[in-house]
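Just data04.cif here, mmCIF, C-alpha atoms and all ligand atoms:
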```cif
data_input
#
loop_
_atom_site.label_atom_id
_atom_site.label_comp_id
_atom_site.auth_asym_id
_atom_site.auth_seq_id
_atom_site.Cartn_x
_atom_site.Cartn_y
_atom_site.Cartn_z
CA MET A 1 162.52 73.78 89.02
CA THR A 2 162.82 71.95 92.32
CA ALA A 3 165.01 73.01 95.22
CA SER A 4 167.86 70.88 96.52
CA GLY A 5 166.65 67.47 97.63
CA GLY A 6 169.76 66.15 99.38
CA THR A 7 170.34 62.45 99.86
CA ALA A 8 168.09 59.59 100.92
CA GLY A 9 170.20 56.66 102.06
CA SER A 10 172.88 56.23 99.43
CA ILE A 11 170.81 57.91 96.69
CA ASP A 12 171.38 61.56 95.79
CA LEU A 13 167.94 63.01 94.97
CA ASP A 14 169.39 66.06 93.21
CA ARG A 15 170.94 63.75 90.64
CA LEU A 16 167.50 62.24 89.99
CA ALA A 17 166.05 65.60 88.90
CA PRO A 18 164.24 64.89 85.63
CA ASP A 19 165.14 66.37 82.28
CA ALA A 20 161.99 68.52 81.95
CA ASP A 21 162.43 69.14 78.21
CA ARG A 22 162.88 65.44 77.51
CA VAL A 23 159.71 64.60 79.45
CA ALA A 24 157.74 67.33 77.64
CA SER A 25 158.97 66.28 74.21
CA THR A 26 158.22 62.60 74.90
CA ILE A 27 154.64 63.52 75.86
CA ALA A 28 154.35 65.63 72.68
CA THR A 29 155.76 62.82 70.50
CA LEU A 30 153.13 60.36 71.72
CA ALA A 31 150.35 62.89 71.09
CA ALA A 32 151.59 63.83 67.64
CA GLY A 33 152.33 60.33 66.41
CA PHE A 34 149.62 58.12 67.84
CA THR A 35 146.14 59.65 67.85
CA GLU A 36 142.97 58.61 66.02
CA SER A 37 143.12 61.23 63.29
CA ALA A 38 139.41 61.10 62.41
CA GLU A 39 138.37 61.76 66.01
CA PRO A 40 138.39 65.00 68.04
CA GLY A 41 141.21 66.04 70.37
CA TRP A 42 143.99 63.58 71.19
CA THR A 43 141.84 60.46 71.07
CA ARG A 44 143.67 57.14 71.59
CA ARG A 45 141.05 54.64 72.70
CA VAL A 46 141.91 51.13 73.83
CA PHE A 47 141.81 48.60 70.93
CA SER A 48 142.03 51.35 68.27
CA ASP A 49 144.71 51.15 65.56
CA ALA A 50 146.43 54.22 67.02
CA TYR A 51 146.55 52.54 70.43
CA ARG A 52 147.93 49.33 68.90
CA ALA A 53 150.72 51.30 67.21
CA SER A 54 151.43 53.23 70.41
CA ARG A 55 152.08 50.01 72.38
CA GLY A 56 155.17 49.40 70.24
CA TRP A 57 156.24 52.99 70.86
CA THR A 58 155.95 52.59 74.66
CA LEU A 59 157.89 49.32 74.49
CA ALA A 60 160.67 51.05 72.53
CA LEU A 61 160.61 54.01 74.95
CA MET A 62 161.18 51.69 77.91
CA ARG A 63 163.90 49.71 76.16
CA ASP A 64 165.65 52.88 75.05
CA ALA A 65 165.62 54.04 78.67
CA GLY A 66 167.41 50.82 79.68
CA LEU A 67 164.48 48.81 81.05
CA GLU A 68 163.96 45.10 80.39
CA ALA A 69 160.55 45.50 78.74
CA HIS A 70 157.87 43.16 77.38
CA LEU A 71 154.14 43.02 76.63
CA ASP A 72 152.25 40.80 79.07
CA PRO A 73 149.20 38.66 78.08
CA ALA A 74 146.78 41.46 79.04
CA GLY A 75 148.59 43.93 76.80
CA ASN A 76 150.35 45.82 79.59
CA VAL A 77 153.76 47.17 78.63
CA VAL A 78 155.96 46.13 81.56
CA GLY A 79 159.53 47.35 82.05
CA VAL A 80 161.89 46.27 84.81
CA LEU A 81 164.87 48.18 86.16
CA PRO A 82 166.84 45.62 88.17
CA GLY A 83 167.68 46.47 91.78
CA ARG A 84 170.59 45.18 93.88
CA ASN A 85 168.41 42.53 95.50
CA ARG A 86 166.48 40.73 92.77
CA SER A 87 164.59 38.57 95.24
CA ALA A 88 163.14 41.46 97.30
CA PRO A 89 159.49 42.39 96.62
CA PRO A 90 159.65 45.07 93.90
CA LEU A 91 158.33 48.60 93.74
CA MET A 92 155.88 49.39 90.96
CA THR A 93 154.91 52.65 89.27
CA GLY A 94 153.09 53.57 86.06
CA SER A 95 149.74 54.62 84.64
CA HIS A 96 148.02 54.46 81.25
CA THR A 97 148.31 55.93 77.74
CA ASP A 98 144.79 55.28 76.41
CA THR A 99 142.44 58.28 76.41
CA VAL A 100 138.71 58.95 76.41
CA HIS A 101 137.08 59.97 73.12
CA GLY A 102 138.11 63.59 72.56
CA GLY A 103 140.62 63.33 75.41
CA GLY A 104 143.87 65.13 76.13
CA ARG A 105 147.62 64.59 76.20
CA PHE A 106 148.32 64.30 79.94
CA ASP A 107 145.78 62.05 81.71
CA GLY A 108 147.70 58.85 82.41
CA ILE A 109 150.50 59.73 80.03
CA VAL A 110 152.36 61.85 82.62
CA GLY A 111 152.47 58.82 84.92
CA VAL A 112 153.95 56.54 82.26
CA VAL A 113 156.45 58.99 80.77
CA GLY A 114 157.34 60.21 84.29
CA ALA A 115 157.96 56.65 85.51
CA VAL A 116 160.24 55.92 82.55
CA GLU A 117 162.11 59.18 83.27
CA VAL A 118 162.70 58.11 86.89
CA ALA A 119 164.21 54.82 85.69
CA ARG A 120 166.29 56.65 83.10
CA ARG A 121 167.63 59.14 85.65
CA LEU A 122 168.58 56.33 88.04
CA LEU A 123 170.62 54.71 85.27
CA GLU A 124 172.07 57.95 83.94
CA SER A 125 173.18 59.02 87.41
CA GLY A 126 174.71 55.60 88.07
CA GLN A 127 172.47 54.98 91.09
CA GLN A 128 170.63 51.75 91.85
CA LEU A 129 167.66 50.94 94.06
CA GLU A 130 167.76 47.96 96.40
CA ARG A 131 164.63 46.54 94.79
CA ASP A 132 163.54 46.06 91.22
CA LEU A 133 161.51 48.97 89.90
CA VAL A 134 158.65 47.76 87.69
CA VAL A 135 157.26 50.41 85.31
CA VAL A 136 153.88 49.64 83.72
CA ASP A 137 151.79 51.23 80.99
CA PHE A 138 148.51 49.50 81.91
CA LEU A 139 146.14 48.49 79.10
CA GLY A 140 142.84 50.31 78.75
CA GLU A 141 142.36 52.31 81.96
CA GLU A 142 139.50 54.45 80.66
CA ALA A 143 135.85 53.34 80.62
CA ASN A 144 135.22 51.44 77.38
CA PRO A 145 132.10 50.21 75.53
CA PHE A 146 132.28 46.92 77.48
CA GLY A 147 131.91 48.77 80.81
CA VAL A 148 135.25 47.43 82.09
CA SER A 149 137.78 50.11 82.99
CA CYS A 150 141.38 49.36 84.06
CA VAL A 151 141.58 46.09 82.11
CA GLY A 152 145.37 45.78 82.43
CA SER A 153 145.70 46.76 86.08
CA ARG A 154 142.81 44.47 87.04
CA SER A 155 144.68 41.63 85.34
CA ILE A 156 147.96 42.26 87.19
CA ALA A 157 146.04 42.70 90.46
CA GLY A 158 144.21 39.39 89.92
CA LEU A 159 140.87 41.24 89.72
CA LEU A 160 139.96 40.57 86.08
CA ASP A 161 137.40 37.78 85.90
CA ALA A 162 135.52 35.73 83.32
CA GLU A 163 132.40 37.87 83.75
CA HIS A 164 134.40 40.93 82.62
CA LEU A 165 135.60 39.10 79.50
CA GLY A 166 132.00 38.11 78.68
CA ARG A 167 130.67 41.67 78.68
CA ARG A 168 129.49 42.91 75.27
CA ASP A 169 129.66 46.28 73.55
CA ASP A 170 126.73 47.84 71.64
CA GLU A 171 127.59 45.70 68.60
CA GLY A 172 127.42 42.48 70.64
CA ARG A 173 131.17 41.81 70.66
CA ARG A 174 132.64 40.20 73.80
CA LEU A 175 135.57 41.91 75.51
CA GLY A 176 137.51 38.63 75.52
CA ASP A 177 137.08 38.23 71.76
CA VAL A 178 138.17 41.79 71.09
CA MET A 179 141.27 41.21 73.24
CA THR A 180 142.08 38.10 71.20
CA THR A 181 141.68 40.02 67.93
CA PHE A 182 144.04 42.64 69.39
CA GLY A 183 146.67 39.88 69.78
CA LEU A 184 146.24 39.35 73.52
CA ASP A 185 145.62 36.16 75.49
CA PRO A 186 142.48 36.64 77.64
CA GLY A 187 142.87 33.27 79.39
CA ALA A 188 146.41 34.15 80.45
CA ALA A 189 145.25 37.66 81.38
CA LEU A 190 142.81 36.05 83.86
CA ALA A 191 145.50 33.80 85.28
CA GLN A 192 148.50 36.10 85.59
CA GLY A 193 147.42 38.02 88.73
CA TRP A 194 150.25 38.76 91.14
CA SER A 195 149.69 37.65 94.73
CA PRO A 196 148.48 40.09 97.39
CA GLY A 197 151.55 41.34 99.29
CA SER A 198 153.87 40.72 96.33
CA LEU A 199 154.60 44.44 95.88
CA HIS A 200 156.74 46.43 98.32
CA GLY A 201 154.61 49.35 97.20
CA TYR A 202 152.89 51.09 94.27
CA VAL A 203 153.03 54.84 93.54
CA GLU A 204 151.36 56.56 90.59
CA LEU A 205 151.94 60.08 89.30
CA HIS A 206 148.86 61.61 87.65
CA VAL A 207 147.40 64.97 86.68
CA GLU A 208 144.76 66.15 89.15
CA GLN A 209 142.06 66.59 86.47
CA GLY A 210 140.31 69.13 88.70
CA PRO A 211 140.92 72.69 89.94
CA VAL A 212 141.90 72.25 93.62
CA LEU A 213 145.72 72.42 93.36
CA GLU A 214 145.79 75.26 90.85
CA THR A 215 143.28 77.31 92.86
CA ALA A 216 145.34 76.86 96.03
CA GLY A 217 148.66 77.50 94.25
CA THR A 218 149.97 74.12 95.43
CA SER A 219 152.47 72.09 93.38
CA ILE A 220 151.79 68.59 94.68
CA GLY A 221 148.65 66.74 95.73
CA VAL A 222 148.97 63.79 98.10
CA VAL A 223 145.98 61.59 97.33
CA THR A 224 144.07 60.42 100.39
CA ALA A 225 141.59 58.10 98.66
CA ILE A 226 140.31 57.12 95.22
CA ALA A 227 136.58 57.48 94.75
CA GLY A 228 134.30 54.49 94.42
CA ILE A 229 132.15 54.47 91.27
CA GLU A 230 128.57 53.16 90.95
CA ARG A 231 127.13 53.16 87.42
CA LEU A 232 123.47 52.72 86.57
CA PHE A 233 121.39 52.11 83.49
CA ALA A 234 117.67 52.99 83.70
CA ARG A 235 115.06 52.19 81.07
CA PHE A 236 111.80 54.17 81.21
CA THR A 237 108.80 52.69 79.39
CA GLY A 238 105.70 54.81 78.74
CA ARG A 239 103.21 54.97 75.86
CA ALA A 240 103.50 56.53 72.41
CA ASP A 241 100.60 58.88 71.56
CA HIS A 242 99.75 61.72 69.21
CA ALA A 243 101.56 64.81 70.59
CA GLY A 244 98.82 67.12 69.31
CA THR A 245 95.77 65.32 70.60
CA MET A 246 96.59 63.46 73.81
CA PRO A 247 95.80 65.76 76.78
CA MET A 248 98.76 66.52 79.08
CA ASP A 249 97.20 64.83 82.10
CA GLN A 250 96.57 61.58 80.22
CA ARG A 251 100.07 60.99 78.89
CA ARG A 252 102.68 58.42 79.88
CA ASP A 253 105.70 60.37 78.66
CA ALA A 254 108.88 58.30 79.18
CA LEU A 255 111.21 61.15 78.22
CA ALA A 256 109.65 63.60 80.69
CA ALA A 257 110.01 61.01 83.48
CA ALA A 258 113.64 60.36 82.52
CA ALA A 259 114.39 64.10 82.35
CA ALA A 260 113.07 64.55 85.90
CA ALA A 261 115.26 61.63 86.95
CA VAL A 262 118.30 63.34 85.42
CA VAL A 263 117.69 66.35 87.65
CA ALA A 264 117.25 64.07 90.66
CA VAL A 265 120.63 62.44 89.94
CA GLU A 266 122.27 65.87 89.72
CA ARG A 267 120.63 66.98 92.97
CA GLU A 268 122.11 63.98 94.80
CA GLY A 269 125.69 65.08 94.09
CA CYS A 270 124.92 68.75 94.79
CA GLY A 271 123.72 67.94 98.27
CA ALA A 272 126.59 65.65 99.25
CA PRO A 273 127.90 66.43 102.76
CA VAL A 274 131.15 64.58 101.92
CA HIS A 275 133.12 64.22 98.67
CA GLY A 276 130.46 63.06 96.22
CA VAL A 277 129.45 63.72 92.62
CA SER A 278 126.73 62.37 90.33
CA THR A 279 126.43 62.66 86.57
CA VAL A 280 124.14 61.55 83.78
CA GLY A 281 126.58 61.06 80.91
CA ARG A 282 124.26 59.56 78.31
CA PHE A 283 120.58 59.92 77.46
CA GLU A 284 118.49 58.47 74.62
CA SER A 285 114.78 58.45 73.81
CA SER A 286 112.54 57.03 71.15
CA PRO A 287 110.84 57.14 68.77
CA GLY A 288 112.46 60.57 68.41
CA ALA A 289 109.71 62.25 66.38
CA LEU A 290 108.52 65.78 67.15
CA ASN A 291 104.84 64.84 67.01
CA VAL A 292 104.95 61.64 69.09
CA VAL A 293 104.90 61.40 72.90
CA PRO A 294 108.10 59.36 73.63
CA ASP A 295 107.40 55.83 74.80
CA GLU A 296 110.93 54.94 75.84
CA ALA A 297 113.94 56.67 77.39
CA ARG A 298 117.32 55.30 78.45
CA VAL A 299 119.64 56.94 80.96
CA TRP A 300 123.22 56.06 81.92
CA ALA A 301 124.52 57.69 85.10
CA GLU A 302 127.28 57.36 87.65
CA ILE A 303 127.76 58.36 91.27
CA ARG A 304 131.20 58.71 92.82
CA SER A 305 132.47 59.24 96.34
CA THR A 306 135.47 58.46 98.50
CA GLU A 307 132.95 57.62 101.27
CA ALA A 308 131.44 54.15 100.96
CA ALA A 309 128.55 54.92 103.34
CA TRP A 310 127.42 57.97 101.36
CA LEU A 311 127.72 56.03 98.11
CA THR A 312 125.45 53.28 99.44
CA GLY A 313 122.87 55.85 100.61
CA ALA A 314 123.06 57.80 97.35
CA ARG A 315 122.41 54.63 95.39
CA ARG A 316 119.20 53.98 97.31
CA ARG A 317 118.03 57.61 97.14
CA VAL A 318 118.61 57.76 93.37
CA VAL A 319 116.60 54.58 92.78
CA ASP A 320 113.78 55.94 94.96
CA ALA A 321 113.79 59.26 93.04
CA ILE A 322 113.75 57.53 89.65
CA GLY A 323 110.84 55.33 90.75
CA ALA A 324 108.89 58.32 92.10
CA GLU A 325 109.37 60.43 88.96
CA ALA A 326 108.29 57.51 86.77
CA GLU A 327 105.25 56.67 88.87
CA ARG A 328 104.09 60.30 88.82
CA ARG A 329 103.82 60.02 85.02
CA GLY A 330 102.46 56.46 84.72
CA VAL A 331 105.79 55.25 83.38
CA THR A 332 107.54 52.02 84.42
CA THR A 333 111.29 51.74 85.06
CA VAL A 334 113.96 49.08 85.32
CA VAL A 335 117.28 50.07 86.91
CA ASP A 336 120.47 47.99 86.53
CA TRP A 337 123.54 48.80 88.61
CA LEU A 338 127.09 48.13 87.59
CA ASN A 339 129.64 48.61 90.36
CA ASP A 340 132.89 49.76 88.81
CA GLN A 341 134.99 50.00 91.95
CA ASP A 342 134.75 50.56 95.69
CA PRO A 343 136.44 53.57 97.32
CA VAL A 344 140.09 52.81 98.10
CA ARG A 345 142.17 54.61 100.74
CA ALA A 346 145.79 55.44 99.98
CA ASP A 347 148.16 53.90 102.51
CA PRO A 348 148.81 56.49 105.29
CA LEU A 349 152.55 55.84 105.41
CA VAL A 350 152.90 56.18 101.63
CA GLN A 351 151.00 59.48 101.93
CA ASP A 352 153.52 60.58 104.57
CA LEU A 353 156.45 59.57 102.37
CA ILE A 354 155.04 61.54 99.41
CA GLY A 355 154.53 64.61 101.64
CA SER A 356 158.03 64.39 103.14
CA SER A 357 159.52 63.85 99.68
CA ALA A 358 157.82 67.03 98.48
CA ASP A 359 159.12 68.83 101.61
CA SER A 360 162.66 67.67 100.91
CA LEU A 361 162.39 69.12 97.40
CA GLY A 362 161.00 72.41 98.73
CA LEU A 363 157.56 71.90 97.16
CA ARG A 364 154.21 72.88 98.70
CA TRP A 365 151.79 69.99 98.96
CA GLN A 366 148.29 69.33 100.22
CA ALA A 367 146.09 66.30 100.76
CA VAL A 368 143.40 65.78 98.10
CA PRO A 369 140.79 63.09 97.37
CA SER A 370 140.66 61.68 93.85
CA GLY A 371 137.25 61.83 92.20
CA ALA A 372 138.72 60.10 89.15
CA GLY A 373 139.28 56.36 88.99
CA HIS A 374 142.85 55.10 88.58
CA ASP A 375 144.86 51.92 88.01
CA ALA A 376 146.24 52.54 91.52
CA ALA A 377 142.88 51.52 93.03
CA HIS A 378 143.47 47.98 91.77
CA LEU A 379 147.18 47.83 92.55
CA ALA A 380 146.28 48.56 96.19
CA HIS A 381 145.36 44.85 96.35
CA LEU A 382 149.02 43.91 95.93
CA GLY A 383 150.70 46.27 98.38
CA PRO A 384 150.66 49.73 99.95
CA MET A 385 149.49 52.30 97.41
CA GLY A 386 149.90 56.04 97.01
CA MET A 387 149.28 58.67 94.34
CA ILE A 388 150.92 61.99 93.51
CA PHE A 389 148.87 64.68 91.75
CA ILE A 390 150.13 67.73 89.85
CA PRO A 391 147.97 70.73 88.86
CA SER A 392 145.78 70.73 85.75
CA VAL A 393 145.41 74.12 84.06
CA GLY A 394 141.88 75.38 84.67
CA GLY A 395 141.08 72.00 86.23
CA ARG A 396 140.29 70.77 82.72
CA SER A 397 140.53 67.07 81.79
CA HIS A 398 138.91 64.49 79.50
CA CYS A 399 138.94 67.23 76.86
CA PRO A 400 141.45 68.36 74.20
CA GLU A 401 142.45 71.43 76.26
CA GLU A 402 143.78 69.28 79.11
CA LEU A 403 147.17 70.74 80.10
CA SER A 404 149.75 70.54 82.87
CA GLN A 405 152.68 72.96 82.78
CA THR A 406 156.11 71.46 82.09
CA ASP A 407 157.49 72.74 85.43
CA HIS A 408 154.66 71.05 87.31
CA VAL A 409 155.18 67.81 85.39
CA ALA A 410 158.91 67.89 86.22
CA GLU A 411 158.19 68.57 89.90
CA GLY A 412 155.81 65.63 89.98
CA VAL A 413 158.39 63.34 88.37
CA HIS A 414 161.00 64.44 90.92
CA VAL A 415 158.60 63.77 93.82
CA LEU A 416 157.82 60.36 92.29
CA ALA A 417 161.55 59.57 92.21
CA ALA A 418 162.07 60.76 95.79
CA THR A 419 159.06 58.79 97.04
CA LEU A 420 160.22 55.59 95.36
CA VAL A 421 163.68 56.08 96.89
CA ALA A 422 162.12 56.62 100.33
CA MET A 423 159.96 53.50 99.97
CA ASP A 424 162.94 51.49 98.74
CA ALA A 425 164.93 52.48 101.82
CA ARG A 426 162.34 50.95 104.17
CA SER A 427 163.28 47.40 104.85
CA GLY A 428 159.96 46.14 106.20
CA ALA A 429 156.60 46.44 104.53
CA VAL A 430 155.79 50.04 103.54
CA THR A 431 152.59 50.16 105.44
CA SER A 432 151.26 51.64 108.60
CA ALA A 433 148.28 49.26 108.63
C1 LIG B 501 138.84 57.70 84.49
O1 LIG B 501 139.46 58.65 84.05
C2 LIG B 501 137.63 57.95 85.23
O2 LIG B 501 137.71 58.44 86.35
O3 LIG B 501 136.54 57.75 84.65
MN MN B 502 143.89 58.61 84.12
MN MN B 503 140.81 59.54 82.38
#
```

How would this structure read if it were set down as structure tokens?
Ligand code: GLV
Ligand code: MN
Ligand code: MN
Amino acid sequence: MTASGGTAGSIDLDRLAPDADRVASTIATLAAGFTESAEPGWTRRVFSDAYRASRGWTLALMRDAGLEAHLDPAGNVVGVLPGRNRSAPPLMTGSHTDTVHGGGRFDGIVGVVGAVEVARRLLESGQQLERDLVVVDFLGEEANPFGVSCVGSRSIAGLLDAEHLGRRDDEGRRLGDVMTTFGLDPGAALAQGWSPGSLHGYVELHVEQGPVLETAGTSIGVVTAIAGIERLFARFTGRADHAGTMPMDQRRDALAAAAAAVVAVEREGCGAPVHGVSTVGRFESSPGALNVVPDEARVWAEIRSTEAAWLTGARRRVVDAIGAEAERRGVTTVVDWLNDQDPVRADPLVQDLIGSSADSLGLRWQAVPSGAGHDAAHLAHLGPMGMIFIPSVGGRSHCPEELSQTDHVAEGVHVLAATLVAMDARSGAVTSA
């Protein structure tokens, strides 16, 4: 595993080395015991029965590790490891344990189980931080049918608002009502936001979910920025006609226009001069009969980048391309945008502390942008934020095959511990801003 880490202040980093087998078996226990059995992969979607049952498991995990743990009104599982100075602004770490449909066992889960392991190792080794360490399993990080990701971290960051709670899923249910049915208190979830500056710092351990670290043979990724996400819905309206008799040049084929728009969306990401990706993740058309020219098509797409300027330009270019493809075929379009989050930079000093922590443990690291969204993007509103990535086998994620090797997970947990210790040792604000 990791090389000798020495001491940081009064804390001996070697004695914080995680129990790799315990971390691996805890991850396996969650996967085996709390998945939606009728769904593919390791599905555990927010508000599902499996997710509800797993909240009690996380609470018990934290309590068993020695944390003072509770469920907050937004459904976050929050555990506190008291520091020597209870009035100092605390450190926070954590992630999420919900998955996408057909998801894997590591996305988010490594950050929660790893954070609990750090707290456990502090207690087991008889060492105490100056500040409280708050460990959080945030509710519902993944995109959900209401179009509101990171429900729990938005609540803690004071970024959940009434408009979010009013959003409806395909069956017309409001997010706020579904939260109430799940036993939560949406009003209190809106009101509980911590104040900006209330955190000494936030660090999240996560799997990379892409191939960069594995390809380079690097153990640790120091995240430079979390991508902004722009999501669009486009409705194409044409005219239904007989597919055997209407000449090709007299059609108003909504599906053909939408299909050309799909390619235009893909082209936008392919040509990005900076970090940028674009994806059509959902496509529908009607009436869906082989012998009818389709009169309607619906497209859901997203564009992501760590560069705000490129994202703004891409948004405009995609709308122009959709309009042009529709017009060429006599089809009309309506495009609605839903901004999920703006790009967020990781704090430069926290990045430095993660890199030097990896150095002190003898681990190779490199700077990487995050194309995935994370709870950390919201926690950055409360204090300096950083993220630690570990390699994903084959770069695979959001699929059942998602895997990170136990050694890599353990190295990431050790770097998380060392980074938290380094942040704790800084008396002033952990920021270079
Ligand atoms: C979350 O995993 C996202 O990036 O969509
Ligand atoms: Mn995640
Ligand atoms: Mn995810």

May I ask you to write as a ChimeraX atom specification all residues lying at most 12 Å from ligand MN 503 (chain B), with only C-alpha atoms and all ligand atoms counted? /A:43-45,95-111,140-144,149-150,206-210,370-375,396-399,402

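Candidate residues A:Ala227, A:Leu363, A:Leu382, A:Ala264 were compared for distance to ligand LIG 501 (chain B), and the nearest is A:Ala227, using all atoms listed in the file.
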
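The spacing separating CA of Asp137 in chain A from CA of Gly56 in chain A amounts to 11.4 Å.
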
Counting all atoms listed in the file, which residues sit no farther than 12 Å from the position (148.8, 74.3, 96.2) in the file's frame? I'd like them as a VMD selection string. chain A and resid 208 211 to 222 358 363 to 368 389 to 392 408

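Taking CA of Gly201 in chain A and CA of Gly383 in chain A as endpoints, the distance between them is 5.1 Å.
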
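A straight line drawn from CA of Pro73 in chain A to CA of Gly187 in chain A is 8.4 Å long.
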